[in-house]
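Since the structure comes first, as structure tokens, the remarks are kept for the end.
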Amino acid sequence: MKDLDRRINAFRPDLAAEHLRDSVEATRYVQGHVARVTAGAASLHAGPGHDMPVVTQIIYGDDVTVYDEAGNWAWVQNNRDGYVGYLPSGILSGDMQQPTHKVTALSTFAYGQPNLKTPLPYKLYMNSRLLVVGEVDDFMQLADGRFVHKAHVGVLADIADDFVSVAERYVEVPYLWGGRTSDGIDCSGLVQVAYEFAGLSCPRDSDMQQELDGRDLDLGGMEEMQRGDLIFWKGHVAIMVNDMMLLHANAHYMKVAIETFHKVVSRVAAEGGGDLIAIRRPTALSAAALSA
């Protein structure tokens with residue numbers, strides 16, 4: 001049997017995805033069914049309970065494959081990045097109509113009425129996929145009956161020209177382990193959401209991101225770094241904004257910050273975080289650049 005990464009392969013001793021039948025041993029195998037996340041953001045847990053470790057976040061409009069439901073919890077795999085974990089089953093819907101738009105602001109609100117003064121709005125986040133069914137004044141009406149201001153909505157085909165410019169919008173956002181939103185984000189979550197808004201697919205964790213399309217630069221400093229290069233330590237990733245400064249979500253400042261490359265390298269080593277392990281130059285900064 002293959003030694004598969006449990007983060008992105010749905011298997012347990014008692015249950016596994018049907019497509020893994022020839023790769024893992026389990027008591028039974030299931031096809032699973034697709035459902036859609038209706039919460040603004042939800043933690044994906046390592047086990048069925050709010051007190052279980054958080055492995056990542058899933059946002060409104062994400063589709064997941066549900067392999068098991070027990071009590072109030074569903075064991076799922078995120079169709080966006082393949083991550084496996086547990087979500088409250090109450091936030092999942094079987095309405096799978098094709099989304100038409102997405103949230104383009106770091107965050108926004110969905111209102112019960114097309115009025116900014118409507119109480120108790122529902123918070124949504126960048127990259128959330130929306131099904132827009134109409135317009136009322138300055139609002140886009142969603143299929144679920146809520147309204148989002150059109151200044152914060154774009155069609156799915158709208159992508160950023162440069163994923164770094166997206167990441168820069170998160171400066172000062174608090175650091176949060178497993179976070180993927182403007183309420184809190186971690187280092188690899190920042191890379192992932194920025195990539196996605198630029199129309200590029202991106203895995204969830206830094207070790208996976210080290211394998212993104214591109215090439216490795218000489219760690220000896222023979223090549224000059226440039227905007228968009230990804231800097232890797234064990235368990236940490238940062239983004240170069242130019243040849244001297246980098247951007248990262250970090251637990252030192254507990255926020256997304258821009259710092260000089262050499263300052264970060266020295267501090268991480270001094271704090272026992274180890275030396276650089278890779279500098280990766282991505283193939284492109286956006287999907288538009290790839291197709292140009």
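Residue numbers start at 1 in each chain; chains themselves are named A, B, ... in the order of the structure tokens; ligands are numbered from 1 in the order shown.
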
**Study point:** Surrounding residues of Ile239 (chain A) excluding itself and chain neighbours under 3 positions, 7 Å, only C-alpha atoms, as a ChimeraX atom specification
**Key:** /A:228-231,246-248

Produce a file of the selected residues containing C-alpha atoms, as a PDB file, in the first residue's frame.
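Output (out_5.pdb):
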ATOM      1  CA  GLY A 228       7.155  37.068  -6.245  1.00  0.00           C
ATOM      2  CA  ASP A 229       9.961  34.761  -5.143  1.00  0.00           C
ATOM      3  CA  LEU A 230       8.893  32.438  -2.326  1.00  0.00           C
ATOM      4  CA  ILE A 231      11.237  32.033   0.649  1.00  0.00           C
ATOM      5  CA  LEU A 246       9.683  40.245   2.121  1.00  0.00           C
ATOM      6  CA  LEU A 247       6.089  39.877   3.256  1.00  0.00           C
ATOM      7  CA  HIS A 248       4.836  37.177   5.601  1.00  0.00           C
TER       8      HIS A 248
END

Give me, as a tab-separated table, the closest atom pair and its distance (Å, one decimal) for every residue of region 73-170 of chain A within a cut-off of 8 Å of region 180-190 of chain A, counting only C-alpha atoms, rows sorted by chain and rising number.
residue	atom	partner	partner_atom	distance
A:Leu106	CA	A:Ser182	CA	5.9
A:Ser107	CA	A:Ser182	CA	6.6
A:Tyr125	CA	A:Thr181	CA	6.3
A:Met126	CA	A:Thr181	CA	7.3
A:Ala167	CA	A:Leu190	CA	6.4
A:Tyr170	CA	A:Ser182	CA	6.7

C-alpha atoms of the current selection, written as a tab-separated table (two decimals), in the first residue's frame:
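Final file, selection25.tsv:
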chain	number	residue	atom	x	y	z
A	106	LEU	CA	-10.66	41.39	1.88
A	107	SER	CA	-14.03	41.06	3.56
A	125	TYR	CA	-14.28	36.96	2.70
A	126	MET	CA	-12.08	37.29	-0.37
A	167	ALA	CA	-0.85	39.51	-0.41
A	170	TYR	CA	-3.26	41.72	4.08

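The residues of region 90-123 of chain A that DSSP classifies as strand (DSSP E), using the backbone of this structure, are Leu92, Ser93, His101, Lys102, Val103, Ser107, Thr108, Phe109, Ala110, Tyr111, Tyr122 and Lys123 of chain A.
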
Check your understanding: Nearest to Glu211 (chain A) among A:Ala278, A:Val268, A:Val76, A:Val164, with distances taken over only C-alpha atoms: which residue is it?
Key -> A:Ala278

Point to revise | Who sits within 6 Å of region 156-159 of chain A, only C-alpha atoms, same chain under 6 positions skipped, as a ChimeraX atom specification | key: /A:101-102,197-199

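Distances from A:Asp144, A:Glu196, A:Asp68, A:Glu224 to Asn127 (chain A) were compared using only C-alpha atoms, and the smallest one belongs to A:Glu196.
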
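Near His50 (chain A), within a cut-off of 12 Å and counting only C-alpha atoms, sit the residues Ala42, Ser43, Leu44, His45, Ala46, Gly47, Pro53, Val54, Val55, Asn72, Trp73, Gly85, Tyr86, Leu87 and Pro88 of chain A, with same-chain residues fewer than 3 positions away left out.
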
Point to revise | Who sits within 9 Å of Pro203 (chain A), only C-alpha atoms, same chain under 3 positions skipped, as a VMD selection string | key: chain A and resid 80 to 83 188 192 206 208 to 209 212

Could those selected residues go to a file with N, CA and C atoms, as an mmCIF file, in the first residue's frame?
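Written output follows (result-v1.cif):
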data_model
loop_
_atom_site.group_PDB
_atom_site.id
_atom_site.type_symbol
_atom_site.label_atom_id
_atom_site.label_comp_id
_atom_site.auth_asym_id
_atom_site.auth_seq_id
_atom_site.Cartn_x
_atom_site.Cartn_y
_atom_site.Cartn_z
ATOM 1 N N ARG A 80 -11.383 22.528 -3.151
ATOM 2 C CA ARG A 80 -10.508 23.606 -3.615
ATOM 3 C C ARG A 80 -9.040 23.198 -3.517
ATOM 4 N N ASP A 81 -8.642 22.627 -2.381
ATOM 5 C CA ASP A 81 -7.222 22.304 -2.196
ATOM 6 C C ASP A 81 -6.976 20.877 -1.721
ATOM 7 N N GLY A 82 -8.054 20.092 -1.570
ATOM 8 C CA GLY A 82 -7.898 18.694 -1.210
ATOM 9 C C GLY A 82 -7.755 18.407 0.263
ATOM 10 N N TYR A 83 -7.801 19.431 1.125
ATOM 11 C CA TYR A 83 -7.589 19.213 2.547
ATOM 12 C C TYR A 83 -8.758 18.436 3.170
ATOM 13 N N SER A 188 1.267 30.219 5.150
ATOM 14 C CA SER A 188 0.912 29.512 3.930
ATOM 15 C C SER A 188 -0.505 29.851 3.476
ATOM 16 N N GLN A 192 -1.633 31.079 -0.229
ATOM 17 C CA GLN A 192 -2.713 30.383 -0.921
ATOM 18 C C GLN A 192 -3.807 31.337 -1.388
ATOM 19 N N SER A 206 3.122 24.993 3.553
ATOM 20 C CA SER A 206 4.360 25.503 2.976
ATOM 21 C C SER A 206 5.209 24.419 2.320
ATOM 22 N N MET A 208 4.128 21.855 0.743
ATOM 23 C CA MET A 208 3.511 21.612 -0.555
ATOM 24 C C MET A 208 3.775 22.769 -1.512
ATOM 25 N N GLN A 209 3.736 23.976 -0.982
ATOM 26 C CA GLN A 209 3.957 25.166 -1.811
ATOM 27 C C GLN A 209 5.390 25.237 -2.334
ATOM 28 N N LEU A 212 5.499 24.242 -5.942
ATOM 29 C CA LEU A 212 4.764 24.973 -6.962
ATOM 30 C C LEU A 212 5.588 25.107 -8.237
#

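The residue that comes closest to Asp162 (chain A), out of A:Leu285, A:Met96, A:Ala39, A:Ile58 and on the basis of only C-alpha atoms, is A:Leu285.
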
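Once Leu120 (chain A) and its same-chain neighbours fewer than 3 positions away are set aside, Phe109, Ala110, Tyr111, Gly112, Gln113, Asn115, Leu116, Lys117, Lys123 and Arg146 of chain A remain within 12 Å of it when counting only C-alpha atoms.
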
Exercise for review: Find the spatial neighbours of region 10-12 of chain A, counting only C-alpha atoms, within a cut-off of 9 Å - ignore same-chain residues fewer than 5 positions away - and output them as a PyMOL selection string.
Suggested key: chain A and resi 17+20+24-27+29+67+75-77+82-85

Restricting the output to N, CA and C atoms, write the selected residues as a compact mmCIF listing (two decimals), in the first residue's frame.
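Wrote it out as selection-v8.txt, contents follow:
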# COMPACT_ATOMS: atom_id res chain seq x y z
N ALA A 17 -12.10 7.06 0.89
CA ALA A 17 -12.69 7.42 -0.39
C ALA A 17 -12.56 6.25 -1.37
N LEU A 20 -9.49 5.57 -3.47
CA LEU A 20 -8.28 5.12 -2.78
C LEU A 20 -8.32 3.61 -2.49
N VAL A 24 -5.12 2.23 -0.09
CA VAL A 24 -5.15 2.16 1.37
C VAL A 24 -6.10 1.06 1.82
N GLU A 25 -5.89 0.59 3.03
CA GLU A 25 -6.78 -0.41 3.61
C GLU A 25 -7.79 0.27 4.53
N ALA A 26 -9.05 -0.09 4.37
CA ALA A 26 -10.11 0.45 5.21
C ALA A 26 -11.23 -0.57 5.29
N THR A 27 -12.06 -0.45 6.31
CA THR A 27 -13.19 -1.37 6.47
C THR A 27 -14.17 -1.24 5.31
N TYR A 29 -15.38 1.54 1.75
CA TYR A 29 -15.03 2.64 0.85
C TYR A 29 -16.32 3.28 0.34
N TYR A 67 -17.74 12.45 3.08
CA TYR A 67 -17.56 11.00 3.12
C TYR A 67 -18.27 10.35 4.32
N TRP A 75 -17.27 14.51 7.94
CA TRP A 75 -15.87 14.29 7.55
C TRP A 75 -15.79 14.55 6.06
N VAL A 76 -15.00 15.56 5.68
CA VAL A 76 -15.05 16.08 4.30
C VAL A 76 -13.65 16.27 3.72
N GLN A 77 -13.65 16.47 2.41
CA GLN A 77 -12.44 16.88 1.71
C GLN A 77 -12.76 18.13 0.91
N GLY A 82 -8.05 20.09 -1.57
CA GLY A 82 -7.90 18.69 -1.21
C GLY A 82 -7.76 18.41 0.26
N TYR A 83 -7.80 19.43 1.12
CA TYR A 83 -7.59 19.21 2.55
C TYR A 83 -8.76 18.44 3.17
N VAL A 84 -8.42 17.55 4.09
CA VAL A 84 -9.39 16.65 4.72
C VAL A 84 -9.55 17.01 6.19
N GLY A 85 -10.79 16.98 6.68
CA GLY A 85 -11.03 17.24 8.09
C GLY A 85 -12.52 17.24 8.40
